[in-house]
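S.K.: Structure supplied as entry.cif; contents: mmCIF, C-alpha atoms.
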```cif
data_final
#
loop_
_atom_site.label_atom_id
_atom_site.label_comp_id
_atom_site.auth_asym_id
_atom_site.auth_seq_id
_atom_site.Cartn_x
_atom_site.Cartn_y
_atom_site.Cartn_z
CA MET A 1 -8.44 -189.72 -76.85
CA PHE A 2 -10.12 -189.12 -80.22
CA TYR A 3 -12.25 -186.38 -78.64
CA LYS A 4 -9.41 -184.75 -76.74
CA ASN A 5 -6.50 -185.18 -79.18
CA GLY A 6 -8.19 -185.80 -82.52
CA TYR A 7 -8.45 -188.85 -84.75
CA ASN A 8 -5.18 -188.32 -86.62
CA SER A 9 -3.19 -187.52 -83.47
CA THR A 10 -4.33 -190.67 -81.67
CA GLY A 11 -2.26 -193.71 -82.55
CA ILE A 12 -3.08 -197.38 -82.17
CA ASN A 13 -0.15 -197.88 -79.78
CA GLU A 14 -1.43 -195.04 -77.60
CA ILE A 15 -4.89 -196.64 -77.51
CA ILE A 16 -3.37 -200.01 -76.55
CA GLU A 17 -1.30 -198.41 -73.81
CA LYS A 18 -4.18 -196.37 -72.40
CA ALA A 19 -6.53 -199.39 -72.47
CA ASN A 20 -3.81 -201.52 -70.91
CA ILE A 21 -4.42 -204.38 -73.34
CA ALA A 22 -2.32 -206.42 -75.73
CA LYS A 23 -2.23 -205.52 -79.41
CA ALA A 24 -3.74 -208.93 -80.23
CA THR A 25 -6.66 -208.21 -77.88
CA LEU A 26 -7.37 -204.92 -79.61
CA TYR A 27 -7.29 -206.53 -83.05
CA ASN A 28 -9.54 -209.33 -81.78
CA HIS A 29 -12.25 -206.70 -81.35
CA PHE A 30 -11.39 -204.20 -84.08
CA LYS A 31 -9.80 -204.76 -87.47
CA SER A 32 -8.61 -201.17 -87.85
CA LYS A 33 -8.38 -197.71 -86.33
CA GLU A 34 -11.38 -196.82 -88.49
CA GLU A 35 -13.47 -199.51 -86.76
CA ILE A 36 -12.39 -198.16 -83.36
CA CYS A 37 -13.44 -194.69 -84.46
CA ILE A 38 -16.84 -195.90 -85.66
CA SER A 39 -17.39 -197.68 -82.34
CA TYR A 40 -16.36 -194.51 -80.50
CA LEU A 41 -18.80 -192.41 -82.56
CA LYS A 42 -21.66 -194.86 -81.96
CA HIS A 43 -20.97 -194.88 -78.22
CA LYS A 44 -20.71 -191.08 -77.96
CA ASN A 45 -23.92 -190.64 -79.97
CA ALA A 46 -25.95 -193.18 -78.00
CA THR A 47 -24.82 -191.68 -74.70
CA PHE A 48 -25.46 -188.12 -75.89
CA LEU A 49 -28.94 -188.86 -77.25
CA ALA A 50 -30.02 -190.68 -74.09
CA GLN A 51 -28.72 -187.92 -71.82
CA ILE A 52 -30.11 -184.97 -73.76
CA ASP A 53 -33.49 -186.68 -74.23
CA GLU A 54 -33.75 -187.48 -70.52
CA TYR A 55 -32.72 -183.94 -69.61
CA ALA A 56 -35.18 -182.27 -72.00
CA ARG A 57 -38.10 -184.51 -71.06
CA SER A 58 -37.49 -183.79 -67.36
CA LYS A 59 -38.59 -180.21 -68.03
CA LYS A 60 -42.14 -178.87 -68.08
CA ASN A 61 -44.11 -179.75 -71.21
CA GLY A 62 -44.16 -177.11 -73.94
CA SER A 63 -41.41 -174.95 -75.31
CA ALA A 64 -39.32 -175.54 -72.16
CA GLN A 65 -38.55 -179.08 -73.33
CA VAL A 66 -37.26 -177.84 -76.68
CA LEU A 67 -35.26 -174.98 -75.15
CA ALA A 68 -33.80 -177.42 -72.61
CA ILE A 69 -31.41 -178.78 -75.25
CA PHE A 70 -29.54 -175.46 -74.99
CA ASP A 71 -29.50 -175.70 -71.19
CA PHE A 72 -28.01 -179.17 -71.61
CA LEU A 73 -25.39 -177.71 -73.94
CA GLN A 74 -24.65 -175.03 -71.35
CA LEU A 75 -23.90 -177.76 -68.80
CA PHE A 76 -21.79 -179.64 -71.35
CA PHE A 77 -19.86 -176.44 -72.13
CA LYS A 78 -19.06 -175.92 -68.44
CA ASP A 79 -17.53 -179.40 -68.21
CA LYS A 80 -13.73 -179.16 -68.04
CA ASP A 81 -13.43 -181.67 -70.88
CA PHE A 82 -15.64 -179.75 -73.36
CA ASN A 83 -13.91 -179.79 -76.72
CA GLY A 84 -16.67 -179.02 -79.20
CA CYS A 85 -18.49 -181.58 -81.33
CA TRP A 86 -16.82 -184.99 -81.59
CA CYS A 87 -18.47 -185.60 -84.96
CA ILE A 88 -17.31 -182.36 -86.55
CA LYS A 89 -13.81 -182.80 -85.08
CA THR A 90 -13.63 -186.27 -86.61
CA VAL A 91 -15.07 -185.44 -90.03
CA ALA A 92 -12.65 -182.53 -90.33
CA GLU A 93 -9.73 -184.97 -90.02
CA ILE A 94 -10.78 -187.76 -92.34
CA PRO A 95 -10.34 -187.81 -96.10
CA ARG A 96 -13.46 -186.99 -98.08
CA GLU A 97 -13.41 -190.53 -99.47
CA ASN A 98 -13.78 -192.16 -96.05
CA GLU A 99 -17.42 -193.10 -96.45
CA ASN A 100 -17.57 -195.41 -93.42
CA ILE A 101 -16.78 -192.77 -90.81
CA ARG A 102 -18.65 -190.05 -92.72
CA SER A 103 -21.72 -192.29 -92.92
CA GLU A 104 -21.64 -192.94 -89.17
CA ILE A 105 -21.42 -189.21 -88.49
CA ILE A 106 -24.36 -188.52 -90.80
CA LYS A 107 -26.38 -191.19 -88.94
CA SER A 108 -25.48 -189.53 -85.64
CA LYS A 109 -26.52 -186.10 -86.81
CA SER A 110 -29.71 -187.44 -88.40
CA SER A 111 -30.66 -189.15 -85.15
CA PHE A 112 -30.19 -185.86 -83.30
CA ILE A 113 -32.45 -184.06 -85.78
CA GLU A 114 -34.96 -186.86 -85.24
CA LEU A 115 -34.79 -186.42 -81.46
CA ILE A 116 -35.33 -182.66 -81.81
CA GLY A 117 -38.24 -183.44 -84.13
CA GLN A 118 -39.79 -185.72 -81.51
CA LEU A 119 -39.48 -182.99 -78.87
CA ILE A 120 -41.09 -180.51 -81.23
CA ASP A 121 -43.85 -182.95 -82.25
CA SER A 122 -44.65 -183.58 -78.57
CA ASN A 123 -44.60 -179.95 -77.53
CA LEU A 124 -45.64 -177.81 -80.51
CA LYS A 125 -48.74 -179.67 -81.65
CA GLU A 126 -50.40 -176.45 -82.84
CA LYS A 127 -47.91 -176.29 -85.73
CA SER A 128 -48.44 -178.27 -88.90
CA LYS A 129 -46.37 -181.39 -89.52
CA LYS A 130 -44.40 -179.55 -92.23
CA GLU A 131 -43.75 -176.57 -89.94
CA ARG A 132 -42.54 -178.87 -87.16
CA SER A 133 -40.14 -180.59 -89.55
CA VAL A 134 -38.68 -177.25 -90.68
CA ILE A 135 -38.41 -176.02 -87.08
CA ALA A 136 -36.55 -179.20 -86.07
CA LYS A 137 -33.90 -178.54 -88.71
CA GLN A 138 -33.63 -174.88 -87.71
CA VAL A 139 -33.21 -175.77 -84.04
CA TYR A 140 -30.60 -178.36 -85.00
CA LEU A 141 -28.62 -175.72 -86.93
CA LEU A 142 -28.81 -173.31 -84.01
CA TYR A 143 -27.57 -176.01 -81.64
CA GLU A 144 -24.71 -177.06 -83.90
CA GLY A 145 -23.67 -173.44 -84.45
CA ALA A 146 -23.74 -172.85 -80.70
CA VAL A 147 -21.48 -175.87 -80.11
CA ALA A 148 -18.94 -174.73 -82.70
CA GLU A 149 -18.90 -171.08 -81.70
CA SER A 150 -18.80 -171.66 -77.95
CA HIS A 151 -15.82 -173.97 -78.54
CA LEU A 152 -14.11 -171.40 -80.77
CA HIS A 153 -14.66 -168.43 -78.45
CA GLN A 154 -14.35 -170.43 -75.23
CA GLU A 155 -17.39 -168.50 -74.00
CA ASP A 156 -21.03 -169.42 -73.58
CA TRP A 157 -22.63 -166.42 -75.28
CA PRO A 158 -23.26 -168.41 -78.51
CA ILE A 159 -25.31 -170.91 -76.50
CA LYS A 160 -27.36 -168.16 -74.86
CA GLU A 161 -27.97 -166.40 -78.17
CA ALA A 162 -28.89 -169.64 -79.96
CA LYS A 163 -31.42 -170.35 -77.19
CA ASN A 164 -32.88 -166.85 -77.60
CA LEU A 165 -33.23 -167.37 -81.36
CA CYS A 166 -34.77 -170.77 -80.78
CA ALA A 167 -37.37 -169.25 -78.47
CA LYS A 168 -38.34 -166.85 -81.26
CA ILE A 169 -38.60 -169.66 -83.81
CA ILE A 170 -40.76 -171.89 -81.68
#
```
Just give me the structure of the file as structure tokens.
M.R.:
Amino acid sequence: MFYKNGYNSTGINEIIEKANIAKATLYNHFKSKEEICISYLKHKNATFLAQIDEYARSKKNGSAQVLAIFDFLQLFFKDKDFNGCWCIKTVAEIPRENENIRSEIIKSKSSFIELIGQLIDSNLKEKSKKERSVIAKQVYLLYEGAVAESHLHQEDWPIKEAKNLCAKII
């Protein structure tokens, strides 16, 4: 519901109803809506990282493994439930002072940069360590831009163009 409707538009009572649980049960597990959101972000991130890593590593060694993250995004975009980036959607709705949710989102994004870095380290060994670190951040920015723009335009051309730019970078 957070991903589809947004954090602010999803109420505790709606969560309770959809989960078909008692209010006391919910509050046994979570003290607040913020805690539910953090759990949601952790779950989405863990699932995403495992799936994209498995997908990329299933490809031929070399640049194909790095470029595969854009193919994964293409598949994600085609899913009927695609609604952009759950982290960016959430951070856009929380107050700047909400350090708990913001911190979880930063951890999620940092772990994605790390995963991209691992793919680059494994597949672009001819580059220096410093070059690989810079490339990982550039690929991350291309990916994130492709997510946002494909969601905005409701078209996949940003994903295709980001992949083309990535191929030039690597």
S.K.: Given the file shown, enumerate the residues that the PyMOL selection byres ((chain A and resi 11) around 12) captures and present them as a list of chain:residue names.
M.R.: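 What the PyMOL selection byres ((chain A and resi 11) around 12) grabs from the file is A:Met1, A:Phe2, A:Asn5, A:Gly6, A:Tyr7, A:Asn8, A:Ser9, A:Thr10, A:Ile12, A:Asn13, A:Glu14, A:Ile15, A:Ile16, A:Glu17, A:Lys18, A:Ser32, A:Lys33, A:Glu34, A:Ile36, A:Cys37.
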S.K.: Next, dump the selected residues to file, keeping only C-alpha atoms, as a tab-separated table (two decimals), in the coordinates of the input.
M.R.:
```tsv
chain	number	residue	atom	x	y	z
A	1	MET	CA	-8.44	-189.72	-76.85
A	2	PHE	CA	-10.12	-189.12	-80.22
A	5	ASN	CA	-6.50	-185.18	-79.18
A	6	GLY	CA	-8.19	-185.80	-82.52
A	7	TYR	CA	-8.45	-188.85	-84.75
A	8	ASN	CA	-5.18	-188.32	-86.62
A	9	SER	CA	-3.19	-187.52	-83.47
A	10	THR	CA	-4.33	-190.67	-81.67
A	12	ILE	CA	-3.08	-197.38	-82.17
A	13	ASN	CA	-0.15	-197.88	-79.78
A	14	GLU	CA	-1.43	-195.04	-77.60
A	15	ILE	CA	-4.89	-196.64	-77.51
A	16	ILE	CA	-3.37	-200.01	-76.55
A	17	GLU	CA	-1.30	-198.41	-73.81
A	18	LYS	CA	-4.18	-196.37	-72.40
A	32	SER	CA	-8.61	-201.17	-87.85
A	33	LYS	CA	-8.38	-197.71	-86.33
A	34	GLU	CA	-11.38	-196.82	-88.49
A	36	ILE	CA	-12.39	-198.16	-83.36
A	37	CYS	CA	-13.44	-194.69	-84.46
```
S.K.: With only C-alpha atoms as the basis for distance, which of A:Asn164, A:Gln118, A:Ser108, A:Ser103 is at the shortest distance from Lys44 in chain A?
M.R.: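 Using only C-alpha atoms, Lys44 in chain A sits closest to A:Ser108.
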S.K.: Could you spell out the hits of the PyMOL selection byres ((chain A and resi 151) around 8) on the shown file, as a PyMOL selection string?
M.R.: chain A and resi 77+82-84+147-150+152-155
S.K.: For the file shown, what are the residues hit by the PyMOL selection byres ((chain A and resi 61-70) around 8), laid out as a PyMOL selection string?
M.R.: chain A and resi 52+55-60+71-74+116+119-120+122-124+143+159-160+162-163+166-167+170
S.K.: Give me, please, the distance in Å between CA of Asn98 in chain A and CA of Gln51 in chain A, quoted to one decimal.
M.R.: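 One can read the CA of Asn98 in chain A to CA of Gln51 in chain A distance as 28.8 Å.
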S.K.: Please report the interatomic distance between CA of Phe112 in chain A and CA of Phe30 in chain A in Å with one decimal.
M.R.: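 CA of Phe30 in chain A lies at a distance of 26.3 Å from CA of Phe112 in chain A.
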S.K.: CA of Asn45 in chain A and CA of Ile88 in chain A are how many Å apart?
M.R.: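 Interatomic distance here is 12.5 Å.
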S.K.: Nearest to Glu114 in chain A: which of A:Cys87, A:Leu49, A:Ile101, A:Ile21 is it, counting all atoms listed in the file?
M.R.: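 The answer is A:Leu49, which sits nearest to Glu114 in chain A.
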S.K.: Might I get the box with edges along x, y and z of the file that holds all atoms of range 51-69 of chain A listed there, padded by 8 Å on every side, given as centre and edge lengths in Å to one decimal, as lines of an AutoDock Vina configuration file?
M.R.:
```
center_x = -36.4
center_y = -181.4
center_z = -72.0
size_x = 31.4
size_y = 29.0
size_z = 25.3
```
S.K.: At a cut-off of 12 Å, using only C-alpha atoms, what residues contact Asn100 in chain A? Leave out same-chain residues fewer than 2 positions from it and give the result as a list in words.
M.R.: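 Once the nearby chain positions are removed, what remains is Lys33, Glu34, Glu35, Ile36, Cys37, Ile38, Ser39, Leu41, Val91, Ile94, Pro95, Arg96, Glu97, Asn98, Arg102, Ser103, Glu104, Ile105, Ile106 and Lys107 of chain A.
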S.K.: I need the residue nearest Lys127 in chain A from this list: A:Trp157, A:Ile169, A:Glu93, A:Lys23. Use only C-alpha atoms for the distance.
M.R.: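 Closest to Lys127 in chain A of all the choices is A:Ile169.
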S.K.: Rank nothing, just name the residue among A:Asp156, A:Lys168, A:Thr47, A:Arg132 nearest to Lys78 in chain A, using all atoms listed in the file.
M.R.: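 Distance minimum relative to Lys78 in chain A lands on A:Asp156.
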S.K.: Would you mind completing range 132-159 of chain A so that it carries N, CA and C atoms, and writing it out as a CSV table (one decimal), keeping the file's coordinate frame?
M.R.:
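What landed in part-v5.csv:
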```csv
chain,number,residue,atom,x,y,z
A,132,ARG,N,-43.3,-178.2,-88.2
A,132,ARG,CA,-42.5,-178.9,-87.2
A,132,ARG,C,-41.3,-179.5,-87.7
A,133,SER,N,-41.3,-180.0,-88.9
A,133,SER,CA,-40.1,-180.6,-89.6
A,133,SER,C,-39.1,-179.5,-89.9
A,134,VAL,N,-39.6,-178.4,-90.4
A,134,VAL,CA,-38.7,-177.2,-90.7
A,134,VAL,C,-38.1,-176.7,-89.4
A,135,ILE,N,-38.9,-176.5,-88.4
A,135,ILE,CA,-38.4,-176.0,-87.1
A,135,ILE,C,-37.4,-176.9,-86.5
A,136,ALA,N,-37.5,-178.2,-86.6
A,136,ALA,CA,-36.6,-179.2,-86.1
A,136,ALA,C,-35.2,-179.0,-86.7
A,137,LYS,N,-35.2,-178.8,-88.0
A,137,LYS,CA,-33.9,-178.5,-88.7
A,137,LYS,C,-33.3,-177.2,-88.3
A,138,GLN,N,-34.1,-176.2,-88.1
A,138,GLN,CA,-33.6,-174.9,-87.7
A,138,GLN,C,-33.0,-174.9,-86.3
A,139,VAL,N,-33.7,-175.6,-85.4
A,139,VAL,CA,-33.2,-175.8,-84.0
A,139,VAL,C,-31.9,-176.5,-84.1
A,140,TYR,N,-31.8,-177.6,-84.9
A,140,TYR,CA,-30.6,-178.4,-85.0
A,140,TYR,C,-29.4,-177.5,-85.4
A,141,LEU,N,-29.7,-176.6,-86.4
A,141,LEU,CA,-28.6,-175.7,-86.9
A,141,LEU,C,-28.2,-174.7,-85.9
A,142,LEU,N,-29.1,-174.2,-85.1
A,142,LEU,CA,-28.8,-173.3,-84.0
A,142,LEU,C,-27.9,-174.0,-83.0
A,143,TYR,N,-28.3,-175.2,-82.6
A,143,TYR,CA,-27.6,-176.0,-81.6
A,143,TYR,C,-26.1,-176.3,-82.1
A,144,GLU,N,-26.0,-176.7,-83.4
A,144,GLU,CA,-24.7,-177.1,-83.9
A,144,GLU,C,-23.8,-175.8,-84.0
A,145,GLY,N,-24.4,-174.7,-84.4
A,145,GLY,CA,-23.7,-173.4,-84.4
A,145,GLY,C,-23.2,-173.0,-83.1
A,146,ALA,N,-24.1,-173.2,-82.1
A,146,ALA,CA,-23.7,-172.8,-80.7
A,146,ALA,C,-22.6,-173.7,-80.2
A,147,VAL,N,-22.6,-175.0,-80.5
A,147,VAL,CA,-21.5,-175.9,-80.1
A,147,VAL,C,-20.2,-175.4,-80.7
A,148,ALA,N,-20.2,-175.1,-82.0
A,148,ALA,CA,-18.9,-174.7,-82.7
A,148,ALA,C,-18.4,-173.4,-82.2
A,149,GLU,N,-19.3,-172.4,-82.1
A,149,GLU,CA,-18.9,-171.1,-81.7
A,149,GLU,C,-18.5,-171.0,-80.2
A,150,SER,N,-19.2,-171.7,-79.4
A,150,SER,CA,-18.8,-171.7,-78.0
A,150,SER,C,-17.4,-172.3,-77.8
A,151,HIS,N,-17.1,-173.3,-78.6
A,151,HIS,CA,-15.8,-174.0,-78.5
A,151,HIS,C,-14.8,-173.0,-79.1
A,152,LEU,N,-15.1,-172.3,-80.2
A,152,LEU,CA,-14.1,-171.4,-80.8
A,152,LEU,C,-13.8,-170.2,-79.8
A,153,HIS,N,-14.8,-169.6,-79.3
A,153,HIS,CA,-14.7,-168.4,-78.4
A,153,HIS,C,-14.3,-168.8,-77.0
A,154,GLN,N,-14.5,-170.0,-76.6
A,154,GLN,CA,-14.4,-170.4,-75.2
A,154,GLN,C,-15.2,-169.6,-74.3
A,155,GLU,N,-16.4,-169.3,-74.8
A,155,GLU,CA,-17.4,-168.5,-74.0
A,155,GLU,C,-18.8,-169.1,-74.3
A,156,ASP,N,-19.7,-168.8,-73.4
A,156,ASP,CA,-21.0,-169.4,-73.6
A,156,ASP,C,-22.1,-168.5,-74.2
A,157,TRP,N,-21.7,-167.3,-74.6
A,157,TRP,CA,-22.6,-166.4,-75.3
A,157,TRP,C,-23.3,-167.0,-76.5
A,158,PRO,N,-22.6,-167.8,-77.4
A,158,PRO,CA,-23.3,-168.4,-78.5
A,158,PRO,C,-24.4,-169.3,-78.1
A,159,ILE,N,-24.3,-170.0,-77.0
A,159,ILE,CA,-25.3,-170.9,-76.5
A,159,ILE,C,-26.5,-170.1,-76.1
```
